[in-house]
Structures are given as structure tokens and as C-alpha cells.
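Next up, run39.pdb (PDB, C-alpha atoms, pLDDT in the B column):
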ATOM      1  CA  MET A 252       0.000   0.000   0.000  1.00 44.00           C
ATOM      2  CA  ASN A 253       1.151   3.473  -0.822  1.00 57.00           C
ATOM      3  CA  ALA A 254       0.268   5.061   2.496  1.00 71.00           C
ATOM      4  CA  LEU A 255      -0.340   8.763   2.723  1.00 86.00           C
ATOM      5  CA  GLY A 256      -1.265   8.720   6.346  1.00 92.00           C
ATOM      6  CA  THR A 257      -1.240   6.800   9.574  1.00 94.00           C
ATOM      7  CA  HIS A 258      -4.478   6.593  11.516  1.00 96.00           C
ATOM      8  CA  LEU A 259      -4.376   5.462  15.135  1.00 97.00           C
ATOM      9  CA  LEU A 260      -7.650   4.421  16.733  1.00 98.00           C
ATOM     10  CA  LEU A 261      -7.389   4.444  20.525  1.00 98.00           C
ATOM     11  CA  GLU A 262      -9.781   2.611  22.795  1.00 97.00           C
ATOM     12  CA  LEU A 263      -9.235   4.118  26.226  1.00 97.00           C
ATOM     13  CA  ARG A 264     -10.865   1.912  28.830  1.00 97.00           C
ATOM     14  CA  GLN A 265     -10.791   2.297  32.608  1.00 97.00           C
ATOM     15  CA  CYS A 266      -9.983   5.998  32.507  1.00 98.00           C
ATOM     16  CA  ASN A 267     -10.456   8.485  35.308  1.00 98.00           C
ATOM     17  CA  PRO A 268     -14.073   9.601  34.758  1.00 98.00           C
ATOM     18  CA  ARG A 269     -13.516  12.986  36.372  1.00 98.00           C
ATOM     19  CA  LEU A 270     -10.861  13.796  33.775  1.00 98.00           C
ATOM     20  CA  LEU A 271     -13.026  12.524  30.908  1.00 98.00           C
ATOM     21  CA  ASP A 272     -15.712  15.004  31.909  1.00 98.00           C
ATOM     22  CA  ASP A 273     -13.403  18.027  32.191  1.00 98.00           C
ATOM     23  CA  LEU A 274     -13.636  19.997  28.952  1.00 98.00           C
ATOM     24  CA  GLU A 275     -10.538  22.121  29.588  1.00 98.00           C
ATOM     25  CA  PHE A 276      -8.465  19.128  30.601  1.00 98.00           C
ATOM     26  CA  VAL A 277      -9.529  17.155  27.536  1.00 98.00           C
ATOM     27  CA  LYS A 278      -8.750  20.116  25.290  1.00 98.00           C
ATOM     28  CA  GLU A 279      -5.341  20.665  26.889  1.00 98.00           C
ATOM     29  CA  THR A 280      -4.609  16.964  26.422  1.00 98.00           C
ATOM     30  CA  MET A 281      -5.372  16.963  22.709  1.00 98.00           C
ATOM     31  CA  ILE A 282      -3.396  20.169  22.157  1.00 98.00           C
ATOM     32  CA  ALA A 283      -0.470  18.664  24.081  1.00 98.00           C
ATOM     33  CA  ALA A 284      -0.569  15.602  21.826  1.00 97.00           C
ATOM     34  CA  ALA A 285      -0.673  17.760  18.687  1.00 96.00           C
ATOM     35  CA  GLU A 286       2.114  20.028  19.900  1.00 96.00           C
ATOM     36  CA  PHE A 287       4.253  17.051  20.836  1.00 95.00           C
ATOM     37  CA  MET A 288       4.122  16.055  17.153  1.00 94.00           C
ATOM     38  CA  ASP A 289       4.829  19.627  16.044  1.00 93.00           C
ATOM     39  CA  ALA A 290       1.533  19.498  14.205  1.00 93.00           C
ATOM     40  CA  GLN A 291       0.116  22.785  12.953  1.00 93.00           C
ATOM     41  CA  ILE A 292      -3.327  23.323  14.512  1.00 96.00           C
ATOM     42  CA  ILE A 293      -5.664  24.998  12.007  1.00 95.00           C
ATOM     43  CA  GLY A 294      -9.041  24.589  13.684  1.00 95.00           C
ATOM     44  CA  GLU A 295     -10.772  23.207  16.761  1.00 95.00           C
ATOM     45  CA  SER A 296     -14.160  22.263  18.097  1.00 95.00           C
ATOM     46  CA  PHE A 297     -14.722  21.177  21.697  1.00 96.00           C
ATOM     47  CA  HIS A 298     -18.051  20.653  23.400  1.00 96.00           C
ATOM     48  CA  ARG A 299     -19.276  19.366  26.754  1.00 96.00           C
ATOM     49  CA  PHE A 300     -22.560  17.544  26.883  1.00 95.00           C
ATOM     50  CA  ASN A 301     -25.214  17.671  29.554  1.00 94.00           C
ATOM     51  CA  PRO A 302     -25.237  15.721  31.832  1.00 95.00           C
ATOM     52  CA  GLN A 303     -21.783  14.402  30.913  1.00 96.00           C
ATOM     53  CA  GLY A 304     -19.265  13.686  28.191  1.00 96.00           C
ATOM     54  CA  VAL A 305     -16.925  15.695  26.018  1.00 97.00           C
ATOM     55  CA  THR A 306     -16.334  15.658  22.285  1.00 96.00           C
ATOM     56  CA  GLY A 307     -13.430  17.405  20.670  1.00 97.00           C
ATOM     57  CA  VAL A 308     -11.712  17.671  17.326  1.00 97.00           C
ATOM     58  CA  LEU A 309      -8.473  19.400  16.394  1.00 97.00           C
ATOM     59  CA  SER A 310      -7.893  20.014  12.706  1.00 95.00           C
ATOM     60  CA  ILE A 311      -4.208  19.989  11.938  1.00 94.00           C
ATOM     61  CA  ALA A 312      -2.469  20.732   8.655  1.00 91.00           C
ATOM     62  CA  GLU A 313      -1.521  17.078   8.669  1.00 87.00           C
ATOM     63  CA  SER A 314      -5.117  15.741   9.184  1.00 93.00           C
ATOM     64  CA  HIS A 315      -6.853  15.574  12.604  1.00 96.00           C
ATOM     65  CA  LEU A 316      -7.076  14.450  16.209  1.00 97.00           C
ATOM     66  CA  SER A 317     -10.398  13.655  17.845  1.00 98.00           C
ATOM     67  CA  ILE A 318     -11.767  12.411  21.147  1.00 98.00           C
ATOM     68  CA  HIS A 319     -15.196  11.419  22.398  1.00 97.00           C
ATOM     69  CA  THR A 320     -15.627  10.576  26.083  1.00 97.00           C
ATOM     70  CA  TRP A 321     -18.189   8.597  28.070  1.00 96.00           C
ATOM     71  CA  PRO A 322     -17.389   9.354  31.735  1.00 97.00           C
ATOM     72  CA  GLU A 323     -20.239   7.096  32.854  1.00 95.00           C
ATOM     73  CA  LEU A 324     -18.371   4.167  31.292  1.00 95.00           C
ATOM     74  CA  ASP A 325     -14.823   5.320  32.144  1.00 97.00           C
ATOM     75  CA  TYR A 326     -14.243   5.165  28.369  1.00 96.00           C
ATOM     76  CA  ALA A 327     -13.044   7.387  25.542  1.00 97.00           C
ATOM     77  CA  ALA A 328     -12.461   6.837  21.831  1.00 97.00           C
ATOM     78  CA  ALA A 329      -9.633   8.914  20.397  1.00 98.00           C
ATOM     79  CA  ASP A 330      -8.147   9.188  16.903  1.00 98.00           C
ATOM     80  CA  ILE A 331      -4.842  10.499  15.660  1.00 97.00           C
ATOM     81  CA  PHE A 332      -4.664  10.784  11.872  1.00 96.00           C
ATOM     82  CA  THR A 333      -1.385  12.166  10.584  1.00 94.00           C
ATOM     83  CA  CYS A 334       0.300  12.459   7.215  1.00 90.00           C
ATOM     84  CA  GLY A 335       4.038  12.511   6.757  1.00 80.00           C
ATOM     85  CA  ALA A 336       6.734  10.219   8.045  1.00 75.00           C
ATOM     86  CA  SER A 337       8.222  12.740  10.459  1.00 73.00           C
ATOM     87  CA  PHE A 338       5.452  12.387  13.025  1.00 78.00           C
ATOM     88  CA  GLN A 339       5.416  10.131  16.038  1.00 90.00           C
ATOM     89  CA  PRO A 340       1.714   9.469  16.489  1.00 95.00           C
ATOM     90  CA  GLN A 341       2.250   6.551  18.862  1.00 95.00           C
ATOM     91  CA  ALA A 342       4.151   8.745  21.283  1.00 95.00           C
ATOM     92  CA  ALA A 343       1.361  11.309  21.031  1.00 96.00           C
ATOM     93  CA  ALA A 344      -1.153   8.527  21.716  1.00 98.00           C
ATOM     94  CA  GLN A 345       0.739   7.676  24.881  1.00 98.00           C
ATOM     95  CA  ILE A 346       0.310  11.252  26.088  1.00 98.00           C
ATOM     96  CA  ILE A 347      -3.465  10.889  25.761  1.00 98.00           C
ATOM     97  CA  ILE A 348      -3.443   7.467  27.445  1.00 98.00           C
ATOM     98  CA  ASP A 349      -1.344   8.721  30.347  1.00 98.00           C
ATOM     99  CA  ARG A 350      -3.280  11.945  30.928  1.00 98.00           C
ATOM    100  CA  MET A 351      -6.641  10.152  30.875  1.00 98.00           C
ATOM    101  CA  GLU A 352      -5.193   7.572  33.272  1.00 98.00           C
ATOM    102  CA  SER A 353      -6.413   4.698  31.127  1.00 98.00           C
ATOM    103  CA  LYS A 354      -5.591   1.388  32.769  1.00 98.00           C
ATOM    104  CA  ASP A 355      -6.650  -0.692  29.766  1.00 97.00           C
ATOM    105  CA  PRO A 356      -5.852   1.035  26.480  1.00 97.00           C
ATOM    106  CA  SER A 357      -5.493  -0.466  23.026  1.00 96.00           C
ATOM    107  CA  ILE A 358      -4.460   1.015  19.704  1.00 97.00           C
ATOM    108  CA  GLN A 359      -5.308  -0.037  16.178  1.00 96.00           C
ATOM    109  CA  ILE A 360      -3.010   1.327  13.486  1.00 95.00           C
ATOM    110  CA  ILE A 361      -4.507   1.767  10.032  1.00 95.00           C
ATOM    111  CA  LYS A 362      -2.642   2.984   6.988  1.00 93.00           C
ATOM    112  CA  ARG A 363      -4.596   5.379   4.803  1.00 94.00           C
ATOM    113  CA  GLY A 364      -3.657   5.962   1.192  1.00 87.00           C
ATOM    114  CA  ILE A 365      -4.333   5.679  -2.487  1.00 76.00           C
ATOM    115  CA  GLU A 366      -3.987   1.943  -2.897  1.00 60.00           C
ATOM    116  CA  ALA A 367      -6.218  -0.548  -1.149  1.00 44.00           C
ATOM    117  CA  PRO A 368      -4.577  -2.794   1.433  1.00 43.00           C
ATOM    118  CA  ALA A 369      -4.649  -6.478   0.548  1.00 43.00           C
ATOM    119  CA  SER A 370      -7.420  -7.123   3.043  1.00 41.00           C
ATOM    120  CA  VAL A 371      -9.830  -4.694   1.442  1.00 36.00           C
ATOM    121  CA  ALA A 372     -11.582  -5.817  -1.714  1.00 34.00           C
ATOM    122  CA  ARG A 373     -11.800  -3.309  -4.503  1.00 28.00           C
ATOM    123  CA  SER A 374     -15.273  -2.597  -5.679  1.00 32.00           C
TER     124      SER A 374
ATOM    125  CA  MET B 202     -17.895  -6.409  21.739  1.00 44.00           C
ATOM    126  CA  ASN B 203     -20.159  -3.901  23.387  1.00 57.00           C
ATOM    127  CA  ALA B 204     -20.056  -1.305  20.653  1.00 71.00           C
ATOM    128  CA  LEU B 205     -20.826   2.304  21.420  1.00 87.00           C
ATOM    129  CA  GLY B 206     -20.117   3.544  17.952  1.00 92.00           C
ATOM    130  CA  THR B 207     -19.606   2.663  14.341  1.00 94.00           C
ATOM    131  CA  HIS B 208     -16.603   4.143  12.579  1.00 96.00           C
ATOM    132  CA  LEU B 209     -16.502   4.045   8.788  1.00 97.00           C
ATOM    133  CA  LEU B 210     -13.141   4.708   7.130  1.00 98.00           C
ATOM    134  CA  LEU B 211     -13.597   5.627   3.482  1.00 98.00           C
ATOM    135  CA  GLU B 212     -10.805   5.424   0.938  1.00 97.00           C
ATOM    136  CA  LEU B 213     -12.026   7.484  -2.006  1.00 97.00           C
ATOM    137  CA  ARG B 214      -9.847   6.773  -5.005  1.00 97.00           C
ATOM    138  CA  GLN B 215     -10.230   8.084  -8.543  1.00 97.00           C
ATOM    139  CA  CYS B 216     -12.313  11.076  -7.516  1.00 98.00           C
ATOM    140  CA  ASN B 217     -12.911  14.214  -9.555  1.00 98.00           C
ATOM    141  CA  PRO B 218      -9.923  16.371  -8.532  1.00 98.00           C
ATOM    142  CA  ARG B 219     -11.740  19.623  -9.248  1.00 98.00           C
ATOM    143  CA  LEU B 220     -14.363  18.717  -6.661  1.00 98.00           C
ATOM    144  CA  LEU B 221     -11.752  17.600  -4.122  1.00 98.00           C
ATOM    145  CA  ASP B 222     -10.185  21.045  -4.296  1.00 98.00           C
ATOM    146  CA  ASP B 223     -13.431  22.995  -3.896  1.00 98.00           C
ATOM    147  CA  LEU B 224     -13.779  23.998  -0.237  1.00 98.00           C
ATOM    148  CA  GLU B 225     -17.449  24.946  -0.448  1.00 98.00           C
ATOM    149  CA  PHE B 226     -18.363  21.781  -2.328  1.00 98.00           C
ATOM    150  CA  VAL B 227     -16.518  19.598   0.167  1.00 98.00           C
ATOM    151  CA  LYS B 228     -18.195  21.391   3.075  1.00 98.00           C
ATOM    152  CA  GLU B 229     -21.650  21.062   1.502  1.00 98.00           C
ATOM    153  CA  THR B 230     -20.967  17.366   0.945  1.00 98.00           C
ATOM    154  CA  MET B 231     -20.077  16.675   4.559  1.00 98.00           C
ATOM    155  CA  ILE B 232     -23.040  18.685   5.841  1.00 98.00           C
ATOM    156  CA  ALA B 233     -25.326  16.792   3.447  1.00 98.00           C
ATOM    157  CA  ALA B 234     -24.009  13.490   4.817  1.00 97.00           C
ATOM    158  CA  ALA B 235     -24.551  14.640   8.412  1.00 96.00           C
ATOM    159  CA  GLU B 236     -28.018  15.982   7.700  1.00 96.00           C
ATOM    160  CA  PHE B 237     -28.991  12.787   5.920  1.00 95.00           C
ATOM    161  CA  MET B 238     -28.317  10.988   9.203  1.00 94.00           C
ATOM    162  CA  ASP B 239     -30.223  13.642  11.179  1.00 93.00           C
ATOM    163  CA  ALA B 240     -27.002  14.241  13.084  1.00 93.00           C
ATOM    164  CA  GLN B 241     -26.802  17.359  15.217  1.00 93.00           C
ATOM    165  CA  ILE B 242     -23.871  19.488  14.035  1.00 96.00           C
ATOM    166  CA  ILE B 243     -22.178  21.186  17.003  1.00 95.00           C
ATOM    167  CA  GLY B 244     -18.968  22.466  15.446  1.00 95.00           C
ATOM    168  CA  GLU B 245     -17.013  22.656  12.204  1.00 95.00           C
ATOM    169  CA  SER B 246     -13.559  23.383  10.837  1.00 95.00           C
ATOM    170  CA  PHE B 247     -12.833  23.549   7.106  1.00 96.00           C
ATOM    171  CA  HIS B 248      -9.619  24.735   5.505  1.00 96.00           C
ATOM    172  CA  ARG B 249      -8.200  24.887   1.987  1.00 96.00           C
ATOM    173  CA  PHE B 250      -4.474  24.464   1.562  1.00 95.00           C
ATOM    174  CA  ASN B 251      -2.160  26.243  -0.843  1.00 94.00           C
ATOM    175  CA  PRO B 252      -1.574  25.081  -3.534  1.00 95.00           C
ATOM    176  CA  GLN B 253      -4.245  22.430  -3.182  1.00 96.00           C
ATOM    177  CA  GLY B 254      -6.237  20.170  -0.888  1.00 96.00           C
ATOM    178  CA  VAL B 255      -9.017  20.567   1.621  1.00 97.00           C
ATOM    179  CA  THR B 256      -9.378  19.342   5.185  1.00 96.00           C
ATOM    180  CA  GLY B 257     -12.638  19.432   7.042  1.00 97.00           C
ATOM    181  CA  VAL B 258     -14.164  18.175  10.245  1.00 97.00           C
ATOM    182  CA  LEU B 259     -17.752  18.323  11.442  1.00 97.00           C
ATOM    183  CA  SER B 260     -18.333  17.701  15.128  1.00 95.00           C
ATOM    184  CA  ILE B 261     -21.713  16.149  15.687  1.00 94.00           C
ATOM    185  CA  ALA B 262     -23.441  15.338  18.963  1.00 91.00           C
ATOM    186  CA  GLU B 263     -23.011  11.721  17.938  1.00 87.00           C
ATOM    187  CA  SER B 264     -19.198  11.951  17.275  1.00 93.00           C
ATOM    188  CA  HIS B 265     -17.689  13.313  14.005  1.00 97.00           C
ATOM    189  CA  LEU B 266     -17.276  13.337  10.246  1.00 97.00           C
ATOM    190  CA  SER B 267     -13.963  14.245   8.628  1.00 98.00           C
ATOM    191  CA  ILE B 268     -12.405  14.490   5.188  1.00 98.00           C
ATOM    192  CA  HIS B 269      -8.912  15.160   3.894  1.00 97.00           C
ATOM    193  CA  THR B 270      -8.389  15.521   0.150  1.00 97.00           C
ATOM    194  CA  TRP B 271      -5.388  15.173  -2.151  1.00 96.00           C
ATOM    195  CA  PRO B 272      -6.589  16.544  -5.519  1.00 97.00           C
ATOM    196  CA  GLU B 273      -3.186  15.841  -7.048  1.00 95.00           C
ATOM    197  CA  LEU B 274      -3.785  12.129  -6.409  1.00 95.00           C
ATOM    198  CA  ASP B 275      -7.549  12.110  -7.097  1.00 97.00           C
ATOM    199  CA  TYR B 276      -7.836  10.780  -3.540  1.00 96.00           C
ATOM    200  CA  ALA B 277      -9.623  11.598  -0.295  1.00 97.00           C
ATOM    201  CA  ALA B 278      -9.782   9.923   3.112  1.00 97.00           C
ATOM    202  CA  ALA B 279     -13.097  10.393   4.885  1.00 98.00           C
ATOM    203  CA  ASP B 280     -14.413   9.190   8.250  1.00 98.00           C
ATOM    204  CA  ILE B 281     -17.898   8.846   9.630  1.00 97.00           C
ATOM    205  CA  PHE B 282     -17.973   8.050  13.345  1.00 96.00           C
ATOM    206  CA  THR B 283     -21.461   7.778  14.792  1.00 94.00           C
ATOM    207  CA  CYS B 284     -22.957   6.553  18.035  1.00 90.00           C
ATOM    208  CA  GLY B 285     -26.428   5.149  18.303  1.00 80.00           C
ATOM    209  CA  ALA B 286     -28.221   2.469  16.341  1.00 75.00           C
ATOM    210  CA  SER B 287     -30.604   4.818  14.600  1.00 72.00           C
ATOM    211  CA  PHE B 288     -28.047   6.171  12.163  1.00 78.00           C
ATOM    212  CA  GLN B 289     -27.356   4.948   8.657  1.00 90.00           C
ATOM    213  CA  PRO B 290     -23.673   5.787   8.236  1.00 95.00           C
ATOM    214  CA  GLN B 291     -23.242   3.608   5.153  1.00 95.00           C
ATOM    215  CA  ALA B 292     -25.922   5.518   3.302  1.00 95.00           C
ATOM    216  CA  ALA B 293     -24.228   8.757   4.362  1.00 96.00           C
ATOM    217  CA  ALA B 294     -20.930   7.351   3.086  1.00 98.00           C
ATOM    218  CA  GLN B 295     -22.541   6.738  -0.281  1.00 98.00           C
ATOM    219  CA  ILE B 296     -23.489  10.415  -0.473  1.00 98.00           C
ATOM    220  CA  ILE B 297     -19.825  11.361  -0.079  1.00 98.00           C
ATOM    221  CA  ILE B 298     -18.691   8.725  -2.588  1.00 98.00           C
ATOM    222  CA  ASP B 299     -21.239   9.857  -5.166  1.00 98.00           C
ATOM    223  CA  ARG B 300     -20.630  13.591  -4.783  1.00 98.00           C
ATOM    224  CA  MET B 301     -16.847  13.185  -5.044  1.00 98.00           C
ATOM    225  CA  GLU B 302     -17.394  10.977  -8.094  1.00 98.00           C
ATOM    226  CA  SER B 303     -15.104   8.271  -6.714  1.00 98.00           C
ATOM    227  CA  LYS B 304     -14.763   5.433  -9.210  1.00 98.00           C
ATOM    228  CA  ASP B 305     -12.869   3.174  -6.806  1.00 97.00           C
ATOM    229  CA  PRO B 306     -14.079   3.564  -3.230  1.00 97.00           C
ATOM    230  CA  SER B 307     -13.696   1.194  -0.320  1.00 96.00           C
ATOM    231  CA  ILE B 308     -15.029   1.273   3.222  1.00 97.00           C
ATOM    232  CA  GLN B 309     -13.692  -0.273   6.397  1.00 96.00           C
ATOM    233  CA  ILE B 310     -16.193  -0.583   9.223  1.00 95.00           C
ATOM    234  CA  ILE B 311     -14.786  -0.544  12.743  1.00 95.00           C
ATOM    235  CA  LYS B 312     -16.810  -0.923  15.903  1.00 93.00           C
ATOM    236  CA  ARG B 313     -15.732   1.342  18.743  1.00 94.00           C
ATOM    237  CA  GLY B 314     -16.644   0.573  22.310  1.00 87.00           C
ATOM    238  CA  ILE B 315     -15.741  -0.387  25.816  1.00 75.00           C
ATOM    239  CA  GLU B 316     -14.720  -3.971  25.221  1.00 60.00           C
ATOM    240  CA  ALA B 317     -11.790  -4.963  23.050  1.00 45.00           C
ATOM    241  CA  PRO B 318     -12.572  -6.950  19.903  1.00 43.00           C
ATOM    242  CA  ALA B 319     -11.103 -10.440  19.915  1.00 43.00           C
ATOM    243  CA  SER B 320      -8.390  -9.413  17.472  1.00 41.00           C
ATOM    244  CA  VAL B 321      -6.977  -6.717  19.736  1.00 37.00           C
ATOM    245  CA  ALA B 322      -4.785  -7.849  22.589  1.00 34.00           C
ATOM    246  CA  ARG B 323      -5.373  -6.235  25.932  1.00 28.00           C
ATOM    247  CA  SER B 324      -2.397  -4.629  27.523  1.00 32.00           C
TER     248      SER B 324
END
Would you encode the structure as C-alpha cells?
Amino acid sequence: MNALGTHLLLELRQCNPRLLDDLEFVKETMIAAAEFMDAQIIGESFHRFNPQGVTGVLSIAESHLSIHTWPELDYAAADIFTCGASFQPQAAAQIIIDRMESKDPSIQIIKRGIEAPASVARS
Amino acid sequence: MNALGTHLLLELRQCNPRLLDDLEFVKETMIAAAEFMDAQIIGESFHRFNPQGVTGVLSIAESHLSIHTWPELDYAAADIFTCGASFQPQAAAQIIIDRMESKDPSIQIIKRGIEAPASVARS
């Protein structure tokens, strides 16, 4: 596959629910992850739901970071989609894992690009 | 797996490059996909790069939609991440495929949630 980008899908289980529900903390976390990668932030959208939960997206020149939290389940889903070989998205993912205090995280790594991976049938 | 959300990853190959480079058209496309699903849009960030390419993210109450385009490669990567069983993300994906005139699209469907799928090792 001729990958243009690397997309990390983080399943953050057993997080600290207080942190997952803190809009400013979540926002600072995602900005810290982006800045760690020297990504250029070009847009943002963060929102806290009532009664609980935060959703946030950072647009970066090199694609995006996103997070959606469910404090009532101690869970968050986060994405780091970057283009360019100079980034270290897995180290940025670790920042998010550590700050959310996830005790049971997992990461799927998916290459995005112009040729289909072998496992995906062409239509 | 106890899925909270459905995440569609679209690889849009062989698109119309003129459309991929048209910020307003891309934005209208993503809003049309969100509105088709009756998703509640709570934030947005769209940007056109120089010399080419568009990146856009729609935050919705039910997670997010994103797109990143490479007109020079006739390619775009789009995501539709929704929570709740009432949505029809695959039909929304088809709207994006059709409007970008992709002749070679593929979709990966990934369940997001609080339990790890069998294929993902727990740490």
C-alpha cells in the first residue's frame, strides 16, 4: 500500500471519569498531543454535553485528532490521523493514554492511502 | 464487543480532482451526509491548503465526520464516526462517494466501544 497517512484508533478503557468530563483538561490533552508532534493546529471544536461527556476535534495541517468521552463508562475513543513520516503518532497517543489515566488502552493502526490494502476488496 | 459507535473509514480513489479542491463543495458534501443521518452538528472546521487540498471536520453530537483531500492524487480519506443504532452511516458514506465521483471507493467498518474486539490484545 502506498500510504499517505497513519491513523491510530485508541480505545481508552478504565480511565479516570472525572478527567473525561473536564472539557478544559480534555482540550489541553489533545493540544499537548498535537504540539508534541509539532503538528500545525488549524481549527478546533470542543463541546461538553449535559449531563456528561466531552467531544473534541483538532484540525491539523496534517489531518486531525479527535476524542469522544463517556465518563459514565470510564471510556473514551480517540483518533490520531497524521500524514508525513516525520510524526510520532504513537508517542502522542501515549500522552493521551497517560493523561486520561487509562488502565486498559489499546491502539489499532490503520494505513490510509491511495492503494487498497490487501485485506480490502476493490469494488 | 459492546459497541458504542460505528466508525466508517472511506478510501475514495479516482475522484474528480476539481471537486476535491473545492472547499465549499466539500463542506456542503459533509453537511449533506450529516443531515442525511439527522445528526446534530455542534462544530465545524474547514480549511483549503495552498496550492491544493481541503481538510474538514464536522463535530456532531453523535461523534464526528472528517475528510482530507489530495486533488493531485484524485484521492480523499473520509471518516464517519457515529454513536447510536438509529443512524445509517453507510448511506451517508454513499453520499460522499457519489458527490466526489469516486470510481474506486472502499469502506472499512470498525466498531468502537468499551470492550476490546477479539483481534486486539489487551495490555
Under the rule of at most 8 Å, produce a per-residue listing of chain B near chain A: chain, number, name, the closest pair of atoms, and the distance in Å, as a tab-separated table, using all atoms listed in the file.
residue	atom	partner	partner_atom	distance
B:Glu212	CA	A:Gly364	CA	7.2
B:Leu213	CA	A:Ile365	CA	7.9
B:Arg214	CA	A:Ile365	CA	6.2
B:Ile243	CA	A:His298	CA	7.6
B:Gly244	CA	A:Ser296	CA	5.5
B:Glu245	CA	A:Ser296	CA	6.6
B:Ser246	CA	A:Gly294	CA	5.5
B:Phe247	CA	A:Gly294	CA	7.7
B:His248	CA	A:Ile293	CA	7.6
B:Thr256	CA	A:Ser314	CA	6.9
B:Gly257	CA	A:Ser310	CA	7.4
B:Val258	CA	A:Ser310	CA	7.0
B:Ser260	CA	A:Ser296	CA	6.9
B:Ala262	CA	A:Thr306	CA	7.9
B:Ser264	CA	A:His319	CA	6.5
B:His269	CA	A:Ser314	CA	6.5
B:Leu274	CA	A:Ile365	CA	7.6
B:Tyr276	CA	A:Ile365	CA	6.3
B:Ala278	CA	A:Arg363	CA	7.1
B:Asp305	CA	A:Ser374	CA	6.4
B:Pro306	CA	A:Ser374	CA	6.7
B:Ser307	CA	A:Arg373	CA	6.4
B:Gln309	CA	A:Val371	CA	7.7
B:Arg313	CA	A:Ala328	CA	7.1
B:Gly314	CA	A:Glu262	CA	7.2
B:Ile315	CA	A:Arg264	CA	6.2
B:Glu316	CA	A:Arg264	CA	7.9
B:Ala317	CA	A:Ser357	CA	7.7
B:Val321	CA	A:Ser357	CA	7.2
B:Ala322	CA	A:Ser357	CA	7.4
B:Arg323	CA	A:Ser357	CA	6.5
B:Ser324	CA	A:Asp355	CA	6.2
Exercise. From the list B:Ile297, B:Ala240, B:Cys284, B:Ala204, which residue is nearest Leu220 in chain B when using only C-alpha atoms?
Worked result: B:Ile297
Problem set entry | Separation of CA of Ile296 in chain B from CA of Ala233 in chain B in Å |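 Going from CA of Ala233 in chain B over to CA of Ile296 in chain B covers 7.7 Å.
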For this session: Find the residues near Asp222 in chain B: any atom within 7 Å, counting all atoms listed in the file, skip ones fewer than 4 places away on the same chain, and give them as a PyMOL selection string.
Result: chain B and resi 218+253-255+272
Prev. selection, C-alpha atoms, output as a short mmCIF file (atom, residue, chain, number, x, y, z; two decimals), in the frame of the given file:
data_model
loop_
_atom_site.label_atom_id
_atom_site.label_comp_id
_atom_site.auth_asym_id
_atom_site.auth_seq_id
_atom_site.Cartn_x
_atom_site.Cartn_y
_atom_site.Cartn_z
CA PRO B 218 -9.92 16.37 -8.53
CA GLN B 253 -4.24 22.43 -3.18
CA GLY B 254 -6.24 20.17 -0.89
CA VAL B 255 -9.02 20.57 1.62
CA PRO B 272 -6.59 16.54 -5.52
#
Exercise. Care to translate the PyMOL selection byres ((chain B and resi 230) around 10) into actual residues of this file, as a VMD selection string?
Worked result: chain B and resid 224 to 229 231 to 236 268 293 296 to 301
Based on the selection just made, write C-alpha atoms of those residues as a JSON list (two decimals), in the frame of the given file.
[["chain", "number", "residue", "atom", "x", "y", "z"],
["B", 224, "LEU", "CA", -13.78, 24.00, -0.24],
["B", 225, "GLU", "CA", -17.45, 24.95, -0.45],
["B", 226, "PHE", "CA", -18.36, 21.78, -2.33],
["B", 227, "VAL", "CA", -16.52, 19.60, 0.17],
["B", 228, "LYS", "CA", -18.20, 21.39, 3.08],
["B", 229, "GLU", "CA", -21.65, 21.06, 1.50],
["B", 231, "MET", "CA", -20.08, 16.68, 4.56],
["B", 232, "ILE", "CA", -23.04, 18.68, 5.84],
["B", 233, "ALA", "CA", -25.33, 16.79, 3.45],
["B", 234, "ALA", "CA", -24.01, 13.49, 4.82],
["B", 235, "ALA", "CA", -24.55, 14.64, 8.41],
["B", 236, "GLU", "CA", -28.02, 15.98, 7.70],
["B", 268, "ILE", "CA", -12.40, 14.49, 5.19],
["B", 293, "ALA", "CA", -24.23, 8.76, 4.36],
["B", 296, "ILE", "CA", -23.49, 10.42, -0.47],
["B", 297, "ILE", "CA", -19.82, 11.36, -0.08],
["B", 298, "ILE", "CA", -18.69, 8.72, -2.59],
["B", 299, "ASP", "CA", -21.24, 9.86, -5.17],
["B", 300, "ARG", "CA", -20.63, 13.59, -4.78],
["B", 301, "MET", "CA", -16.85, 13.18, -5.04]]
Problem set entry | Two-atom distance - CA of Leu209 in chain B, CA of Thr333 in chain A (Å) | 17.3 Å
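Across the model, the gap from CA of Ile360 in chain A to CA of Ile331 in chain A is 9.6 Å.
Here the question is which of B:Lys312, B:Gln295, B:Asn251, B:Phe237 gets nearest to Phe282 in chain B using only C-alpha atoms, and that residue is B:Lys312.
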